[in-house]
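*Asks:* The structure is given below, and queries will be raised subsequently.
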Amino acid sequence: MDSIVLEDELSERLTWTTNSLVNAKKNGTPFRHLLLHGPPGTGKTLFARTLSKQSGLDYAIMSGGDVGPLGKDAVQELNKLFSWANSSRRGLILFIDEADAFLRTGRGSESGAMSEEARNVLSAFLHHTGTESDKFVVVLATNIRSILDRAVLDRVDESFEFPLPSERERRRMLEMFMEEHVHRPTRRGKVIEVDEALNGEWLDDVSKRTDGFSGRQLAKLVLAYQAAVFGSGTTRLTKGLADAVLNYKLTHREEDAVRAATSQADYS
């Protein structure tokens, strides 16, 4: 898990889970289904990919948002998916992003908001995950755990919360992203000169000012530093340019926060 920056306790639990999955494959014992929940951009997808790489299992990803548009064909397509998963010789990690899009609660709600098609899809998923399997492991990802159907949560063996990074974790991420996107030459050999003022003390300050940023947002911030250099026609990242980029990001985060709050209100 060296490529993922997480809080220590979560990192240890995920490492243990990876080792458990490797041993399950080796010994032919059933896999354990996982749930990853937390804000967008906190490492859920990256963890699933890393899990596949380190375990040696095949990897497939789907979005829960793709199920609804299938309409009446959704159940048939879901059946095909699990039939294919059961045929995997190496074992398969089936990563379902935005799982709440079709596995959310509502089946037994008084409002009866869930359509018949949605109930059928949910029932099909529960059918395929109702017994232990040594062929595939389902990894569900959602921003909000509580909106998943209780029967879906009952299928989960291990649940992990991916919180927004702490200041210390943001510092580690920024250093990693700066090395990857700024200090290291591009694939075409372009080199960015970096002001001496952009040192450890500067990184400490940026770490403090980016409170509330996800890992993805921090990566985009550093990529914005790179783009600002190339876009300005220079080869040097100055402190003034870096500060201007950060200030722009901080200013426009308020708009993103409003959109996120509106989206979360839809689930309440």
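Ordering of the structure tokens sets the chain letters (A, B, ...); residue numbers start at 1 within each chain; ligands are numbered from 1 in the order shown.
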Go through stretch 121-240 of chain A residue by residue and, counting only C-alpha atoms, keep those with an atom at most 10 Å from stretch 89-101 of chain A; for each kept residue give the shortest atom pair and its distance in Å to one decimal, ordered by chain and increasing number, as JSON lines.

*Replies:*
```
{"residue": "A:Ser133", "atom": "CA", "partner": "A:Gly91", "partner_atom": "CA", "distance": 9.7}
{"residue": "A:Asp134", "atom": "CA", "partner": "A:Gly91", "partner_atom": "CA", "distance": 7.2}
{"residue": "A:Lys135", "atom": "CA", "partner": "A:Gly91", "partner_atom": "CA", "distance": 4.8}
{"residue": "A:Phe136", "atom": "CA", "partner": "A:Leu92", "partner_atom": "CA", "distance": 4.5}
{"residue": "A:Val137", "atom": "CA", "partner": "A:Ile93", "partner_atom": "CA", "distance": 5.0}
{"residue": "A:Val138", "atom": "CA", "partner": "A:Leu94", "partner_atom": "CA", "distance": 4.9}
{"residue": "A:Val139", "atom": "CA", "partner": "A:Phe95", "partner_atom": "CA", "distance": 4.7}
{"residue": "A:Leu140", "atom": "CA", "partner": "A:Ile96", "partner_atom": "CA", "distance": 5.0}
{"residue": "A:Ala141", "atom": "CA", "partner": "A:Asp97", "partner_atom": "CA", "distance": 4.9}
{"residue": "A:Thr142", "atom": "CA", "partner": "A:Glu98", "partner_atom": "CA", "distance": 5.1}
{"residue": "A:Asn143", "atom": "CA", "partner": "A:Glu98", "partner_atom": "CA", "distance": 7.4}
{"residue": "A:Ile144", "atom": "CA", "partner": "A:Asp100", "partner_atom": "CA", "distance": 8.0}
{"residue": "A:Arg145", "atom": "CA", "partner": "A:Asp100", "partner_atom": "CA", "distance": 8.3}
{"residue": "A:Ser146", "atom": "CA", "partner": "A:Asp100", "partner_atom": "CA", "distance": 9.4}
{"residue": "A:Ile147", "atom": "CA", "partner": "A:Asp100", "partner_atom": "CA", "distance": 6.7}
{"residue": "A:Leu148", "atom": "CA", "partner": "A:Asp100", "partner_atom": "CA", "distance": 5.7}
{"residue": "A:Asp149", "atom": "CA", "partner": "A:Asp100", "partner_atom": "CA", "distance": 8.4}
{"residue": "A:Val152", "atom": "CA", "partner": "A:Asp100", "partner_atom": "CA", "distance": 9.9}
```

*Asks:* Name the residues of stretch 96-139 of chain A that fall into helix (DSSP H, G or I) according to DSSP on the backbone, using the chain letters and numbers of this document, as an MDAnalysis selection string.

*Replies:* chainID A and resid 100:103 116:128

*Asks:* Write out as a list in words which residues come within 8 Å of stretch 153-162 of chain A when counting only C-alpha atoms, dropping same-chain ones fewer than 5 positions away.

*Replies:*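 These residues fall inside the cut-off: Leu10, Arg32, His33, Leu34, Leu35, Leu36, His37, Gly38, Pro39, Thr42, Gly43, Lys44, Leu126, Thr129, Gly130 and Leu148 of chain A.
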
*Asks:* Go ahead and dump the residues you just picked, N, CA and C atoms, as a PDB file, in the first residue's frame.

*Replies:*
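The result, written out as part_7.pdb:
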```pdb
ATOM      1  N   LEU A  10      -6.011   2.828   9.280  1.00  0.00           N
ATOM      2  CA  LEU A  10      -6.690   2.361   8.075  1.00  0.00           C
ATOM      3  C   LEU A  10      -5.710   1.648   7.161  1.00  0.00           C
ATOM      4  N   ARG A  32     -13.789 -12.540   0.955  1.00  0.00           N
ATOM      5  CA  ARG A  32     -14.605 -11.674   1.804  1.00  0.00           C
ATOM      6  C   ARG A  32     -14.953 -10.411   1.023  1.00  0.00           C
ATOM      7  N   HIS A  33     -16.237 -10.066   1.000  1.00  0.00           N
ATOM      8  CA  HIS A  33     -16.684  -8.879   0.277  1.00  0.00           C
ATOM      9  C   HIS A  33     -16.403  -7.624   1.100  1.00  0.00           C
ATOM     10  N   LEU A  34     -16.060  -6.535   0.409  1.00  0.00           N
ATOM     11  CA  LEU A  34     -15.612  -5.313   1.070  1.00  0.00           C
ATOM     12  C   LEU A  34     -16.502  -4.122   0.715  1.00  0.00           C
ATOM     13  N   LEU A  35     -16.564  -3.180   1.640  1.00  0.00           N
ATOM     14  CA  LEU A  35     -17.240  -1.901   1.405  1.00  0.00           C
ATOM     15  C   LEU A  35     -16.275  -0.775   1.730  1.00  0.00           C
ATOM     16  N   LEU A  36     -16.082   0.123   0.773  1.00  0.00           N
ATOM     17  CA  LEU A  36     -15.237   1.299   0.956  1.00  0.00           C
ATOM     18  C   LEU A  36     -16.144   2.520   0.891  1.00  0.00           C
ATOM     19  N   HIS A  37     -16.152   3.328   1.937  1.00  0.00           N
ATOM     20  CA  HIS A  37     -17.043   4.489   1.932  1.00  0.00           C
ATOM     21  C   HIS A  37     -16.313   5.722   2.436  1.00  0.00           C
ATOM     22  N   GLY A  38     -16.722   6.865   1.904  1.00  0.00           N
ATOM     23  CA  GLY A  38     -16.099   8.131   2.265  1.00  0.00           C
ATOM     24  C   GLY A  38     -16.224   9.128   1.131  1.00  0.00           C
ATOM     25  N   PRO A  39     -15.787  10.367   1.349  1.00  0.00           N
ATOM     26  CA  PRO A  39     -15.908  11.419   0.338  1.00  0.00           C
ATOM     27  C   PRO A  39     -15.210  11.047  -0.970  1.00  0.00           C
ATOM     28  N   THR A  42     -10.823  10.091  -2.132  1.00  0.00           N
ATOM     29  CA  THR A  42     -10.049   9.748  -0.937  1.00  0.00           C
ATOM     30  C   THR A  42      -9.280   8.436  -1.061  1.00  0.00           C
ATOM     31  N   GLY A  43      -9.285   7.818  -2.250  1.00  0.00           N
ATOM     32  CA  GLY A  43      -8.435   6.650  -2.471  1.00  0.00           C
ATOM     33  C   GLY A  43      -9.153   5.327  -2.603  1.00  0.00           C
ATOM     34  N   LYS A  44     -10.478   5.335  -2.713  1.00  0.00           N
ATOM     35  CA  LYS A  44     -11.218   4.073  -2.770  1.00  0.00           C
ATOM     36  C   LYS A  44     -10.906   3.288  -4.043  1.00  0.00           C
ATOM     37  N   LEU A 126     -28.440  -9.440  -4.674  1.00  0.00           N
ATOM     38  CA  LEU A 126     -28.471 -10.188  -3.416  1.00  0.00           C
ATOM     39  C   LEU A 126     -28.420 -11.691  -3.668  1.00  0.00           C
ATOM     40  N   THR A 129     -24.795 -12.761  -4.458  1.00  0.00           N
ATOM     41  CA  THR A 129     -23.833 -12.570  -3.365  1.00  0.00           C
ATOM     42  C   THR A 129     -24.299 -13.226  -2.067  1.00  0.00           C
ATOM     43  N   GLY A 130     -25.335 -14.048  -2.162  1.00  0.00           N
ATOM     44  CA  GLY A 130     -25.910 -14.650  -0.961  1.00  0.00           C
ATOM     45  C   GLY A 130     -25.136 -15.824  -0.410  1.00  0.00           C
ATOM     46  N   LEU A 148     -27.141   2.677   1.638  1.00  0.00           N
ATOM     47  CA  LEU A 148     -27.181   1.342   1.053  1.00  0.00           C
ATOM     48  C   LEU A 148     -28.257   0.506   1.741  1.00  0.00           C
TER      49      LEU A 148
END
```

*Asks:* Could you please write out, as a list in words, every residue of stretch 64-195 of chain A that DSSP assigns to strand (DSSP E)?

*Replies:*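 Checking each residue of stretch 64-195 of chain A, the strand (DSSP E) ones are Leu92, Ile93, Leu94, Phe95, Ile96, Asp97, Phe136, Val137, Val138, Val139, Leu140, Ala141, Thr142, Glu158, Ser159, Phe160, Glu161, Glu193 and Val194 of chain A.
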
*Asks:* Could you give me, as a PyMOL selection string, the residues within 10 Å of A:Leu6, counting only C-alpha atoms and dropping anything in the same chain fewer than 3 positions from it?

*Replies:* chain A and resi 1-3+9-12+14+42-43+162-166+168-170+172-173+215

*Asks:* Based on the selection just made, write N, CA and C atoms of those residues as a PDB file, in the first residue's frame.

*Replies:*
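Saved result, selection37.pdb, follows:
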```
ATOM      1  N   MET A   1       0.817  -1.208   0.000  1.00  0.00           N
ATOM      2  CA  MET A   1       0.000   0.000   0.000  1.00  0.00           C
ATOM      3  C   MET A   1       0.857   1.268   0.000  1.00  0.00           C
ATOM      4  N   ASP A   2       2.099   1.136  -0.459  1.00  0.00           N
ATOM      5  CA  ASP A   2       3.005   2.274  -0.406  1.00  0.00           C
ATOM      6  C   ASP A   2       2.546   3.431  -1.276  1.00  0.00           C
ATOM      7  N   SER A   3       1.771   3.152  -2.339  1.00  0.00           N
ATOM      8  CA  SER A   3       1.355   4.205  -3.263  1.00  0.00           C
ATOM      9  C   SER A   3       0.122   4.957  -2.765  1.00  0.00           C
ATOM     10  N   GLU A   9      -3.922   3.659  11.005  1.00  0.00           N
ATOM     11  CA  GLU A   9      -4.800   2.546  11.378  1.00  0.00           C
ATOM     12  C   GLU A   9      -5.506   1.963  10.166  1.00  0.00           C
ATOM     13  N   LEU A  10      -6.011   2.828   9.280  1.00  0.00           N
ATOM     14  CA  LEU A  10      -6.690   2.361   8.075  1.00  0.00           C
ATOM     15  C   LEU A  10      -5.710   1.648   7.161  1.00  0.00           C
ATOM     16  N   SER A  11      -4.508   2.182   7.027  1.00  0.00           N
ATOM     17  CA  SER A  11      -3.492   1.563   6.184  1.00  0.00           C
ATOM     18  C   SER A  11      -3.154   0.159   6.672  1.00  0.00           C
ATOM     19  N   GLU A  12      -3.047  -0.007   7.982  1.00  0.00           N
ATOM     20  CA  GLU A  12      -2.744  -1.323   8.551  1.00  0.00           C
ATOM     21  C   GLU A  12      -3.882  -2.308   8.302  1.00  0.00           C
ATOM     22  N   LEU A  14      -6.067  -2.229   5.867  1.00  0.00           N
ATOM     23  CA  LEU A  14      -6.122  -2.556   4.445  1.00  0.00           C
ATOM     24  C   LEU A  14      -5.003  -3.512   4.057  1.00  0.00           C
ATOM     25  N   THR A  42     -10.823  10.091  -2.132  1.00  0.00           N
ATOM     26  CA  THR A  42     -10.049   9.748  -0.937  1.00  0.00           C
ATOM     27  C   THR A  42      -9.280   8.436  -1.061  1.00  0.00           C
ATOM     28  N   GLY A  43      -9.285   7.818  -2.250  1.00  0.00           N
ATOM     29  CA  GLY A  43      -8.435   6.650  -2.471  1.00  0.00           C
ATOM     30  C   GLY A  43      -9.153   5.327  -2.603  1.00  0.00           C
ATOM     31  N   PHE A 162     -12.998   5.847   4.354  1.00  0.00           N
ATOM     32  CA  PHE A 162     -11.891   6.622   3.796  1.00  0.00           C
ATOM     33  C   PHE A 162     -12.169   8.103   4.063  1.00  0.00           C
ATOM     34  N   PRO A 163     -11.633   8.651   5.147  1.00  0.00           N
ATOM     35  CA  PRO A 163     -11.889  10.057   5.476  1.00  0.00           C
ATOM     36  C   PRO A 163     -11.012  10.987   4.651  1.00  0.00           C
ATOM     37  N   LEU A 164     -11.311  12.265   4.718  1.00  0.00           N
ATOM     38  CA  LEU A 164     -10.426  13.253   4.106  1.00  0.00           C
ATOM     39  C   LEU A 164      -9.085  13.228   4.830  1.00  0.00           C
ATOM     40  N   PRO A 165      -7.991  13.473   4.115  1.00  0.00           N
ATOM     41  CA  PRO A 165      -6.660  13.365   4.726  1.00  0.00           C
ATOM     42  C   PRO A 165      -6.402  14.432   5.786  1.00  0.00           C
ATOM     43  N   SER A 166      -5.658  14.038   6.811  1.00  0.00           N
ATOM     44  CA  SER A 166      -5.235  14.977   7.847  1.00  0.00           C
ATOM     45  C   SER A 166      -4.123  15.868   7.298  1.00  0.00           C
ATOM     46  N   ARG A 168      -1.030  16.005   8.212  1.00  0.00           N
ATOM     47  CA  ARG A 168       0.185  15.202   8.002  1.00  0.00           C
ATOM     48  C   ARG A 168       0.091  14.392   6.718  1.00  0.00           C
ATOM     49  N   GLU A 169      -1.076  13.826   6.460  1.00  0.00           N
ATOM     50  CA  GLU A 169      -1.264  13.044   5.243  1.00  0.00           C
ATOM     51  C   GLU A 169      -1.254  13.937   4.008  1.00  0.00           C
ATOM     52  N   ARG A 170      -1.821  15.144   4.127  1.00  0.00           N
ATOM     53  CA  ARG A 170      -1.782  16.083   2.998  1.00  0.00           C
ATOM     54  C   ARG A 170      -0.335  16.458   2.677  1.00  0.00           C
ATOM     55  N   ARG A 172       2.326  14.602   3.085  1.00  0.00           N
ATOM     56  CA  ARG A 172       2.934  13.460   2.386  1.00  0.00           C
ATOM     57  C   ARG A 172       2.454  13.379   0.942  1.00  0.00           C
ATOM     58  N   MET A 173       1.161  13.630   0.738  1.00  0.00           N
ATOM     59  CA  MET A 173       0.611  13.592  -0.614  1.00  0.00           C
ATOM     60  C   MET A 173       1.214  14.682  -1.488  1.00  0.00           C
ATOM     61  N   GLY A 215      -7.465  13.685  -1.585  1.00  0.00           N
ATOM     62  CA  GLY A 215      -6.242  13.342  -2.294  1.00  0.00           C
ATOM     63  C   GLY A 215      -6.317  13.714  -3.762  1.00  0.00           C
TER      64      GLY A 215
END
```

*Asks:* Neighbouring residues of A:Leu203 were defined as those with any atom within 9 Å, considering only C-alpha atoms; residues of the same chain fewer than 6 positions away were excluded. Please report them as a PDB file with N, CA and C atoms, in the first residue's frame.

*Replies:*
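Contents of around.pdb, as written:
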```pdb
ATOM      1  N   ARG A 171       0.473  16.611   3.695  1.00  0.00           N
ATOM      2  CA  ARG A 171       1.889  16.940   3.498  1.00  0.00           C
ATOM      3  C   ARG A 171       2.590  15.836   2.720  1.00  0.00           C
ATOM      4  N   LEU A 174       1.289  15.887  -0.953  1.00  0.00           N
ATOM      5  CA  LEU A 174       1.840  17.005  -1.725  1.00  0.00           C
ATOM      6  C   LEU A 174       3.281  16.733  -2.125  1.00  0.00           C
ATOM      7  N   GLU A 175       4.049  16.198  -1.206  1.00  0.00           N
ATOM      8  CA  GLU A 175       5.442  15.878  -1.519  1.00  0.00           C
ATOM      9  C   GLU A 175       5.519  14.819  -2.616  1.00  0.00           C
TER      10      GLU A 175
END
```

*Asks:* Can you tell me which residues surround A:Thr186 at a distance of at most 12 Å, considering only C-alpha atoms, apart from same-chain residues fewer than 4 positions away, and format the answer as an NGL selection string?

*Replies:* :A and (179-182 or 190-192 or 223 or 226-227 or 230)

*Asks:* At what distance in Å, to one decimal, does atom CA of A:Val222 lie from atom CA of A:Thr50?

*Replies:*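 Computing it gives 22.4 Å between the two atoms.
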
*Asks:* When you count only C-alpha atoms, which of these residues is closest to A:Leu46: A:Lys26, A:Arg216, A:Arg104, A:Lys239?

*Replies:* A:Arg216

*Asks:* Hey, which of A:Arg119, A:Lys53, A:Lys25, A:His128 ends up closest to A:Gly68? Count only C-alpha atoms.

*Replies:*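 Ranked by minimum distance to A:Gly68, first place goes to A:Arg119.
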
*Asks:* Hey, can you check how far atom CA of A:Phe102 sits from atom CA of A:Glu116?

*Replies:*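 Atom CA of A:Glu116 lies 12.1 Å from atom CA of A:Phe102.
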
*Asks:* Just give me the gap between atom CA of A:Asp211 and atom CA of A:Leu250 in Å, one decimal is fine.

*Replies:*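 Separation between atom CA of A:Asp211 and atom CA of A:Leu250: 10.0 Å.
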